[in-house]
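As stored in run_33.txt (compact mmCIF, C-alpha atoms):
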# COMPACT_ATOMS: atom_id res chain seq x y z
CA MET A 1 7.46 24.59 -0.81
CA LEU A 2 8.67 25.69 2.62
CA LYS A 3 5.14 26.78 3.55
CA LEU A 4 3.71 23.51 2.27
CA LYS A 5 6.22 21.52 4.33
CA GLU A 6 5.32 23.50 7.43
CA LEU A 7 1.60 22.85 6.93
CA LEU A 8 2.03 19.19 6.05
CA ASP A 9 4.07 18.72 9.22
CA LYS A 10 1.15 20.25 11.12
CA VAL A 11 -1.19 17.75 9.48
CA LEU A 12 1.05 14.94 10.75
CA THR A 13 0.95 16.44 14.24
CA GLN A 14 -2.79 17.09 14.29
CA TYR A 15 -3.74 13.77 12.70
CA PRO A 16 -1.09 11.29 13.88
CA PRO A 17 -1.02 8.32 11.47
CA ILE A 18 -0.65 5.88 14.36
CA ASP A 19 -4.17 6.78 15.50
CA ARG A 20 -5.61 5.27 12.32
CA VAL A 21 -3.80 1.92 12.28
CA SER A 22 -6.80 0.02 13.67
CA SER A 23 -8.96 1.00 10.68
CA ASP A 24 -6.27 0.49 8.04
CA PRO A 25 -4.99 -2.73 6.41
CA VAL A 26 -1.59 -1.96 7.91
CA GLN A 27 -3.02 -3.34 11.17
CA PHE A 28 -2.35 -6.93 10.11
CA GLN A 29 1.36 -6.72 9.41
CA ARG A 30 1.74 -4.44 12.45
CA ARG A 31 0.19 -7.12 14.66
CA PHE A 32 2.50 -9.84 13.31
CA PHE A 33 5.49 -7.51 13.59
CA ASP A 34 4.65 -6.36 17.12
CA ASP A 35 4.06 -9.98 18.18
CA GLY A 36 7.63 -10.83 17.16
CA LYS A 37 6.78 -13.00 14.18
CA SER A 38 9.55 -13.70 11.67
CA GLN A 39 10.34 -11.11 9.02
CA ILE A 40 9.38 -13.61 6.34
CA GLU A 41 5.90 -14.04 7.83
CA VAL A 42 5.43 -10.30 8.33
CA GLU A 43 6.25 -9.75 4.65
CA ALA A 44 3.79 -12.44 3.59
CA VAL A 45 0.96 -11.02 5.70
CA ALA A 46 1.72 -7.51 4.45
CA LEU A 47 1.69 -8.52 0.79
CA PHE A 48 -1.48 -10.57 1.14
CA SER A 49 -3.24 -7.76 3.02
CA ALA A 50 -2.09 -5.04 0.65
CA MET A 51 -3.37 -6.78 -2.48
CA LEU A 52 -6.81 -7.36 -0.98
CA SER A 53 -7.04 -3.71 0.09
CA TYR A 54 -9.44 -2.21 -2.40
CA GLY A 55 -13.05 -1.10 -2.13
CA SER A 56 -14.56 -0.64 1.32
CA ALA A 57 -11.96 -0.72 4.10
CA ALA A 58 -14.56 -2.11 6.49
CA GLN A 59 -15.22 -5.00 4.12
CA PHE A 60 -11.70 -6.00 3.10
CA THR A 61 -10.30 -5.74 6.63
CA LYS A 62 -13.11 -8.02 7.77
CA LYS A 63 -12.20 -10.58 5.09
CA ILE A 64 -8.48 -10.48 5.86
CA ALA A 65 -9.12 -10.75 9.61
CA ALA A 66 -11.34 -13.80 9.09
CA ILE A 67 -8.61 -15.60 7.14
CA MET A 68 -5.94 -14.78 9.71
CA GLN A 69 -8.19 -16.00 12.51
CA SER A 70 -9.07 -19.19 10.63
CA CYS A 71 -5.42 -20.22 10.46
CA ASN A 72 -4.83 -19.21 14.08
CA MET A 73 -2.42 -16.49 12.98
CA GLU A 74 -0.14 -19.15 11.45
CA PHE A 75 -0.26 -17.63 7.99
CA LEU A 76 3.26 -18.59 6.90
CA LYS A 77 2.72 -22.20 7.92
CA LEU A 78 -0.54 -22.27 5.97
CA ILE A 79 0.75 -20.86 2.69
CA THR A 80 4.00 -22.88 2.64
CA SER A 81 2.22 -26.17 3.32
CA LYS A 82 0.47 -28.38 0.79
CA PRO A 83 -2.62 -26.50 -0.49
CA ASP A 84 -5.55 -27.30 1.77
CA LYS A 85 -8.86 -27.28 -0.08
CA SER A 86 -10.69 -27.74 3.20
CA PHE A 87 -9.39 -24.43 4.57
CA PRO A 88 -12.23 -21.88 4.76
CA TRP A 89 -10.88 -19.40 2.22
CA ILE A 90 -13.12 -16.39 1.62
CA GLY A 91 -13.91 -14.67 -1.66
CA TYR A 92 -13.85 -10.91 -1.99
CA ARG A 93 -15.39 -8.84 -4.78
CA MET A 94 -13.45 -9.63 -7.99
CA SER A 95 -11.72 -12.72 -6.60
CA THR A 96 -13.28 -16.05 -5.64
CA ALA A 97 -12.20 -17.98 -2.56
CA GLU A 98 -10.23 -20.36 -4.83
CA GLU A 99 -8.46 -17.48 -6.56
CA ILE A 100 -7.50 -15.88 -3.26
CA SER A 101 -6.17 -19.23 -2.04
CA ILE A 102 -4.06 -19.62 -5.20
CA PHE A 103 -2.70 -16.11 -4.68
CA ALA A 104 -1.80 -16.97 -1.07
CA TYR A 105 -0.10 -20.26 -1.98
CA SER A 106 1.78 -18.46 -4.75
CA ILE A 107 3.21 -16.16 -2.07
CA GLY A 108 4.26 -19.26 -0.16
CA ASN A 109 5.94 -20.77 -3.22
CA VAL A 110 7.86 -17.56 -3.93
CA ILE A 111 9.11 -17.65 -0.34
CA LYS A 112 10.23 -21.26 -0.78
CA LYS A 113 11.96 -20.43 -4.06
CA TYR A 114 13.73 -17.20 -3.07
CA GLY A 115 13.88 -17.52 0.71
CA SER A 116 11.72 -14.44 1.23
CA ILE A 117 9.54 -11.94 -0.59
CA LYS A 118 12.30 -9.38 -0.11
CA ASN A 119 14.81 -11.55 -1.95
CA SER A 120 12.48 -11.80 -4.94
CA PHE A 121 12.03 -8.01 -4.97
CA LEU A 122 15.77 -7.40 -4.66
CA SER A 123 16.44 -9.71 -7.62
CA GLY A 124 14.83 -7.06 -9.78
CA TYR A 125 15.66 -3.97 -7.75
CA ASN A 126 19.42 -4.50 -7.45
CA LYS A 127 20.02 -4.27 -11.20
CA ASN A 128 19.44 -0.51 -11.34
CA ASN A 129 18.19 0.39 -7.84
CA ASP A 130 14.78 0.83 -9.45
CA ILE A 131 11.72 0.01 -7.35
CA ILE A 132 9.48 -0.47 -10.39
CA GLU A 133 11.86 -3.14 -11.65
CA GLY A 134 11.90 -4.71 -8.20
CA LEU A 135 8.13 -4.75 -7.89
CA ALA A 136 7.72 -6.05 -11.45
CA PHE A 137 10.12 -8.92 -10.74
CA LEU A 138 8.23 -9.83 -7.57
CA ARG A 139 4.88 -9.59 -9.35
CA ASN A 140 6.10 -11.79 -12.22
CA SER A 141 7.47 -14.33 -9.73
CA LEU A 142 4.04 -14.55 -8.09
CA TYR A 143 2.27 -14.71 -11.46
CA GLU A 144 4.46 -17.61 -12.60
CA GLU A 145 3.60 -19.53 -9.43
CA ALA A 146 -0.12 -18.84 -9.97
CA GLU A 147 0.17 -20.27 -13.49
CA LYS A 148 1.31 -23.56 -11.98
CA PHE A 149 -2.06 -23.78 -10.21
CA ILE A 150 -4.32 -22.60 -13.03
CA THR A 151 -3.91 -21.67 -16.70
CA PRO A 152 -4.93 -19.29 -18.06
CA VAL A 153 -4.71 -17.15 -14.95
CA PRO A 154 -8.25 -15.84 -14.25
CA HIS A 155 -9.16 -12.18 -13.85
CA GLY A 156 -9.64 -12.57 -10.09
CA ILE A 157 -5.93 -13.37 -9.67
CA LYS A 158 -4.80 -10.82 -12.25
CA HIS A 159 -6.61 -8.15 -10.26
CA LEU A 160 -4.60 -9.12 -7.19
CA LEU A 161 -1.38 -8.93 -9.22
CA PRO A 162 -1.39 -5.75 -11.35
CA ASP A 163 1.79 -5.15 -13.34
CA PRO A 164 3.76 -2.24 -11.78
CA SER A 165 5.64 -1.73 -15.06
CA ALA A 166 2.48 -1.24 -17.14
CA GLY A 167 2.10 2.46 -16.28
CA GLY A 168 -0.73 2.29 -13.75
CA CYS A 169 -0.42 3.87 -10.31
CA CYS A 170 -0.62 0.44 -8.64
CA LYS A 171 -1.45 1.90 -5.25
CA ARG A 172 -1.44 -1.44 -3.45
CA TRP A 173 2.08 -2.33 -4.57
CA HIS A 174 3.47 1.03 -3.46
CA MET A 175 1.57 0.88 -0.19
CA PHE A 176 3.09 -2.54 0.52
CA LEU A 177 6.55 -1.23 -0.29
CA ARG A 178 6.02 1.80 1.95
CA TRP A 179 5.18 -0.54 4.83
CA MET A 180 8.40 -2.51 4.25
CA VAL A 181 10.81 0.38 3.64
CA ARG A 182 9.89 3.39 5.78
CA LYS A 183 11.30 3.35 9.29
CA ASN A 184 9.23 1.92 12.11
CA ASP A 185 6.97 4.78 13.16
CA GLY A 186 4.07 2.80 14.57
CA VAL A 187 2.57 2.45 11.08
CA ASP A 188 5.33 1.40 8.67
CA ILE A 189 7.91 -1.08 9.90
CA GLY A 190 11.13 -0.50 7.91
CA ILE A 191 12.43 -4.05 7.71
CA TRP A 192 13.83 -3.72 4.17
CA LYS A 193 17.00 -1.80 4.98
CA GLU A 194 18.40 -2.35 1.48
CA VAL A 195 15.98 0.19 0.02
CA SER A 196 16.08 3.91 0.80
CA PRO A 197 12.78 5.65 1.62
CA SER A 198 13.88 8.32 -0.89
CA LYS A 199 13.20 5.79 -3.66
CA LEU A 200 9.54 5.27 -2.75
CA ILE A 201 6.62 6.45 -4.89
CA ILE A 202 3.41 7.67 -3.26
CA PRO A 203 0.55 5.11 -3.20
CA LEU A 204 -1.84 7.10 -5.35
CA ASP A 205 -5.58 6.80 -4.77
CA THR A 206 -8.62 9.05 -5.19
CA HIS A 207 -8.04 10.88 -1.91
CA ILE A 208 -4.37 11.57 -2.58
CA SER A 209 -5.00 12.64 -6.18
CA LYS A 210 -7.77 15.10 -5.35
CA ILE A 211 -5.92 16.71 -2.46
CA SER A 212 -2.65 16.79 -4.43
CA ARG A 213 -4.29 18.56 -7.36
CA ASN A 214 -5.87 21.10 -5.04
CA LEU A 215 -2.46 21.75 -3.48
CA GLY A 216 -0.76 22.10 -6.87
CA LEU A 217 1.39 18.99 -6.46
CA THR A 218 0.39 17.79 -9.92
CA THR A 219 -1.25 19.20 -13.03
CA ARG A 220 -1.91 15.80 -14.57
CA LYS A 221 -5.49 14.61 -14.91
CA ASN A 222 -4.93 10.85 -15.01
CA ASP A 223 -4.26 8.76 -11.92
CA ASP A 224 -1.31 6.79 -13.25
CA LEU A 225 2.35 6.13 -12.50
CA LYS A 226 3.50 9.42 -14.05
CA THR A 227 1.13 11.34 -11.80
CA ALA A 228 2.29 9.44 -8.72
CA ILE A 229 5.91 10.22 -9.60
CA GLU A 230 5.11 13.89 -10.19
CA ILE A 231 3.44 14.19 -6.77
CA THR A 232 6.34 12.33 -5.16
CA ASN A 233 8.90 14.64 -6.77
CA LYS A 234 7.02 17.67 -5.43
CA LEU A 235 7.00 16.15 -1.96
CA LYS A 236 10.75 15.55 -2.28
CA GLU A 237 11.12 19.33 -2.22
CA CYS A 238 9.67 19.15 1.30
CA CYS A 239 11.54 16.05 2.43
CA PRO A 240 14.01 14.57 -0.08
CA GLU A 241 15.06 11.70 2.17
CA ASP A 242 11.50 10.55 2.94
CA PRO A 243 9.02 12.18 0.51
CA ILE A 244 6.01 10.00 1.22
CA LYS A 245 6.00 10.36 4.97
CA TYR A 246 2.96 12.57 4.41
CA ASP A 247 1.03 9.90 2.49
CA PHE A 248 -0.88 8.31 5.37
CA ALA A 249 -1.92 11.62 6.91
CA ILE A 250 -3.05 13.19 3.61
CA CYS A 251 -4.94 10.07 2.59
CA HIS A 252 -6.82 9.89 5.86
CA LEU A 253 -7.91 13.53 5.58
CA GLY A 254 -10.15 12.19 2.83
CA ILE A 255 -10.92 8.79 4.32
CA GLY A 256 -11.76 10.29 7.69
CA GLY A 257 -14.00 12.95 6.18
CA LYS A 258 -11.81 15.89 7.26
CA CYS A 259 -11.53 16.90 3.61
CA THR A 260 -14.61 16.86 1.38
CA TYR A 261 -12.90 18.65 -1.52
CA GLY A 262 -15.01 21.75 -1.08
CA LYS A 263 -18.39 20.10 -0.53
CA ASN A 264 -18.42 21.22 3.12
CA PRO A 265 -17.27 24.87 3.30
CA GLU A 266 -17.15 24.80 7.09
CA LEU A 267 -14.54 22.05 7.02
CA CYS A 268 -12.55 24.01 4.44
CA LYS A 269 -12.45 27.02 6.74
CA LYS A 270 -11.00 24.88 9.55
CA CYS A 271 -8.50 23.02 7.36
CA ILE A 272 -4.79 23.53 8.03
CA LEU A 273 -4.08 23.49 4.30
CA ASN A 274 -6.78 25.93 3.19
CA ASN A 275 -4.42 28.81 2.32
CA LEU A 276 -2.58 26.61 -0.19
CA CYS A 277 -5.62 24.76 -1.49
CA SER A 278 -7.20 25.97 -4.73
CA VAL A 279 -10.66 25.01 -3.43
CA GLY A 280 -10.10 26.32 0.10
CA LYS A 281 -8.90 29.72 -1.13
CA ASN A 282 -12.13 30.28 -3.01
CA ILE A 283 -14.22 29.46 0.05
CA LEU A 284 -12.20 31.67 2.38
Since I need it in another form, could you write the structure as C-alpha cells?
Amino acid sequence: MLKLKELLDKVLTQYPPIDRVSSDPVQFQRRFFDDGKSQIEVEAVALFSAMLSYGSAAQFTKKIAAIMQSCNMEFLKLITSKPDKSFPWIGYRMSTAEEISIFAYSIGNVIKKYGSIKNSFLSGYNKNNDIIEGLAFLRNSLYEEAEKFITPVPHGIKHLLPDPSAGGCCKRWHMFLRWMVRKNDGVDIGIWKEVSPSKLIIPLDTHISKISRNLGLTTRKNDDLKTAIEITNKLKECCPEDPIKYDFAICHLGIGGKCTYGKNPELCKKCILNNLCSVGKNIL
C-alpha cells in the first residue's frame, strides 16, 4: 500500500481538488462559507445541494444556482419562513418543483426543531459514534417533516432522502458528510469538529468504483455500502486518520476524462496509476 499511497499523493498534487470546485456541487456551500454565512446556513445549503447532485453536473448545478439566486442567497431565511408557494421553485428529473420545495422546507423545520442539521445528526451519531446511525437519524428527521406536508411521501422526495441504513452506497449522504467533517482544504470545510475524518466512508459512484476495482481496492461487484466500506478500509492503510482525502481527486480523474477505464490507451500510458492498475498494466 506504500506504493499506492505515493501515487495517490501524486494524483492530489497533479490534479489539485481545489481546481475543480467551480464545476462541482461543493461550490455552493463553499460560497456561503467563504462569504461568512452562519454555520447553520452553510449546512442547509450543503445538504440541499448534495441531495440534488445526481445525473449531469452541468444540469443540477444550474438548477441549484437558479434557486439560490432566486432567494438572493438568503436560503436559510427562505426555508425557515412560512412556505411560499409563489417562490419560483424548480423541478429536477425525478422531483417536481413542489417536491423540492417540501424537501427544502423540511430542512428548515429540522433546523427549527434541533437548532441545526448537525444537532440532528449528532442525536444519532453520539449513541455509538457511528456515522450511519447519525445519517439515518438525520434522514428520518427530514422524512418525518416531509410527511407533515404530504402523505404518502411521493417518490420524488424519497429519491432526495435515501435511507443510509438500508445498505445502499448513498453517495450523496457521504459526500455531504465529507464536506462537513474534513478539514478546510479549499474544498471541504470541516465545521463538524465532533466527528473524526477517520470515521468517514467514501462517497461511492461509478467513477470511484471502476477506478477502485482496477486498483484492487475492492473485489466486490455491487456498488453498495459494503463496497464503499471495503474501499475506505483499503484507503485507511494509506491514511488511517483521513482515508477519503483521495476521493475528490480519484473521482475527477473519471469526471474530467483523464481516466477512460482503458478505452483510450494513450491516456493509460500517461496515467500516474498505470503500474498499479489492472487495465493499465495490460496496455503498457
The distance between atom CA of Ile79 of chain A and atom CA of Ser101 of chain A is 8.5 Å
Using all atoms listed in the file, the residue out of A:Lys113, A:Lys118, A:His155, A:Arg93 with shortest distance to Phe60 of chain A is A:Arg93
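Minimum distance to Ile150 of chain A across A:Leu12, A:Leu273, A:Ile102, A:Val279 (counting only C-alpha atoms) occurs at A:Ile102.
As for atom CA of Ala228 of chain A and atom CA of His252 of chain A, they are spaced 17.2 Å apart.
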Leaving out Trp89 of chain A and any residue of its chain fewer than 6 positions from it, which residues lie within 8 Å of it when counting all atoms listed in the file, given as a PDB file with C-alpha atoms, in the frame of the given file?
ATOM      1  CA  ILE A  67      -8.610 -15.600   7.140  1.00  0.00           C
ATOM      2  CA  ALA A  97     -12.200 -17.980  -2.560  1.00  0.00           C
ATOM      3  CA  GLU A  98     -10.230 -20.360  -4.830  1.00  0.00           C
ATOM      4  CA  ILE A 100      -7.500 -15.880  -3.260  1.00  0.00           C
ATOM      5  CA  SER A 101      -6.170 -19.230  -2.040  1.00  0.00           C
TER       6      SER A 101
END
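Reported to one decimal place, the separation of atom CA of Thr13 of chain A from atom CA of Arg213 of chain A is 22.3 Å.
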Name all residues at most 12 Å from Ser212 of chain A (count all atoms listed in the file; drop same-chain ones fewer than 4 positions away) and give them as a PDB file with C-alpha atoms, in the coordinates of the input.
ATOM      1  CA  LEU A   4       3.710  23.510   2.270  1.00  0.00           C
ATOM      2  CA  LEU A   8       2.030  19.190   6.050  1.00  0.00           C
ATOM      3  CA  ILE A 202       3.410   7.670  -3.260  1.00  0.00           C
ATOM      4  CA  LEU A 204      -1.840   7.100  -5.350  1.00  0.00           C
ATOM      5  CA  ASP A 205      -5.580   6.800  -4.770  1.00  0.00           C
ATOM      6  CA  THR A 206      -8.620   9.050  -5.190  1.00  0.00           C
ATOM      7  CA  HIS A 207      -8.040  10.880  -1.910  1.00  0.00           C
ATOM      8  CA  ILE A 208      -4.370  11.570  -2.580  1.00  0.00           C
ATOM      9  CA  GLY A 216      -0.760  22.100  -6.870  1.00  0.00           C
ATOM     10  CA  LEU A 217       1.390  18.990  -6.460  1.00  0.00           C
ATOM     11  CA  THR A 218       0.390  17.790  -9.920  1.00  0.00           C
ATOM     12  CA  THR A 219      -1.250  19.200 -13.030  1.00  0.00           C
ATOM     13  CA  ARG A 220      -1.910  15.800 -14.570  1.00  0.00           C
ATOM     14  CA  LYS A 221      -5.490  14.610 -14.910  1.00  0.00           C
ATOM     15  CA  ASP A 223      -4.260   8.760 -11.920  1.00  0.00           C
ATOM     16  CA  THR A 227       1.130  11.340 -11.800  1.00  0.00           C
ATOM     17  CA  ALA A 228       2.290   9.440  -8.720  1.00  0.00           C
ATOM     18  CA  ILE A 229       5.910  10.220  -9.600  1.00  0.00           C
ATOM     19  CA  GLU A 230       5.110  13.890 -10.190  1.00  0.00           C
ATOM     20  CA  ILE A 231       3.440  14.190  -6.770  1.00  0.00           C
ATOM     21  CA  THR A 232       6.340  12.330  -5.160  1.00  0.00           C
ATOM     22  CA  ASN A 233       8.900  14.640  -6.770  1.00  0.00           C
ATOM     23  CA  LYS A 234       7.020  17.670  -5.430  1.00  0.00           C
ATOM     24  CA  LEU A 235       7.000  16.150  -1.960  1.00  0.00           C
ATOM     25  CA  TYR A 246       2.960  12.570   4.410  1.00  0.00           C
ATOM     26  CA  ASP A 247       1.030   9.900   2.490  1.00  0.00           C
ATOM     27  CA  ILE A 250      -3.050  13.190   3.610  1.00  0.00           C
ATOM     28  CA  CYS A 251      -4.940  10.070   2.590  1.00  0.00           C
ATOM     29  CA  LEU A 253      -7.910  13.530   5.580  1.00  0.00           C
ATOM     30  CA  GLY A 254     -10.150  12.190   2.830  1.00  0.00           C
ATOM     31  CA  CYS A 259     -11.530  16.900   3.610  1.00  0.00           C
ATOM     32  CA  TYR A 261     -12.900  18.650  -1.520  1.00  0.00           C
ATOM     33  CA  LEU A 273      -4.080  23.490   4.300  1.00  0.00           C
ATOM     34  CA  LEU A 276      -2.580  26.610  -0.190  1.00  0.00           C
ATOM     35  CA  CYS A 277      -5.620  24.760  -1.490  1.00  0.00           C
ATOM     36  CA  SER A 278      -7.200  25.970  -4.730  1.00  0.00           C
ATOM     37  CA  VAL A 279     -10.660  25.010  -3.430  1.00  0.00           C
TER      38      VAL A 279
END
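The neighbours of segment 187-196 of chain A here are the residues that come within 7 Å of it, using only C-alpha atoms and leaving out any residue fewer than 5 positions away in the same chain; they are Pro17, Ile18, Val21, Val26, Arg178, Trp179, Met180, Val181 and Arg182 of chain A.
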Store the residues of this selection in a file with C-alpha atoms, as a PDB file, in the coordinates of the input.
ATOM      1  CA  PRO A  17      -1.020   8.320  11.470  1.00  0.00           C
ATOM      2  CA  ILE A  18      -0.650   5.880  14.360  1.00  0.00           C
ATOM      3  CA  VAL A  21      -3.800   1.920  12.280  1.00  0.00           C
ATOM      4  CA  VAL A  26      -1.590  -1.960   7.910  1.00  0.00           C
ATOM      5  CA  ARG A 178       6.020   1.800   1.950  1.00  0.00           C
ATOM      6  CA  TRP A 179       5.180  -0.540   4.830  1.00  0.00           C
ATOM      7  CA  MET A 180       8.400  -2.510   4.250  1.00  0.00           C
ATOM      8  CA  VAL A 181      10.810   0.380   3.640  1.00  0.00           C
ATOM      9  CA  ARG A 182       9.890   3.390   5.780  1.00  0.00           C
TER      10      ARG A 182
END
Ser22 of chain A proximity check over A:Met175, A:Ile40, A:Leu122, A:Ala65, using all atoms listed in the file: winner is A:Ala65
The residues within 9 Å of (5.0, -11.9, 11.8), using all atoms listed in the file and the coordinates of the file, should be reported as number ranges by chain; which are they?
A: 29-45, 73-76
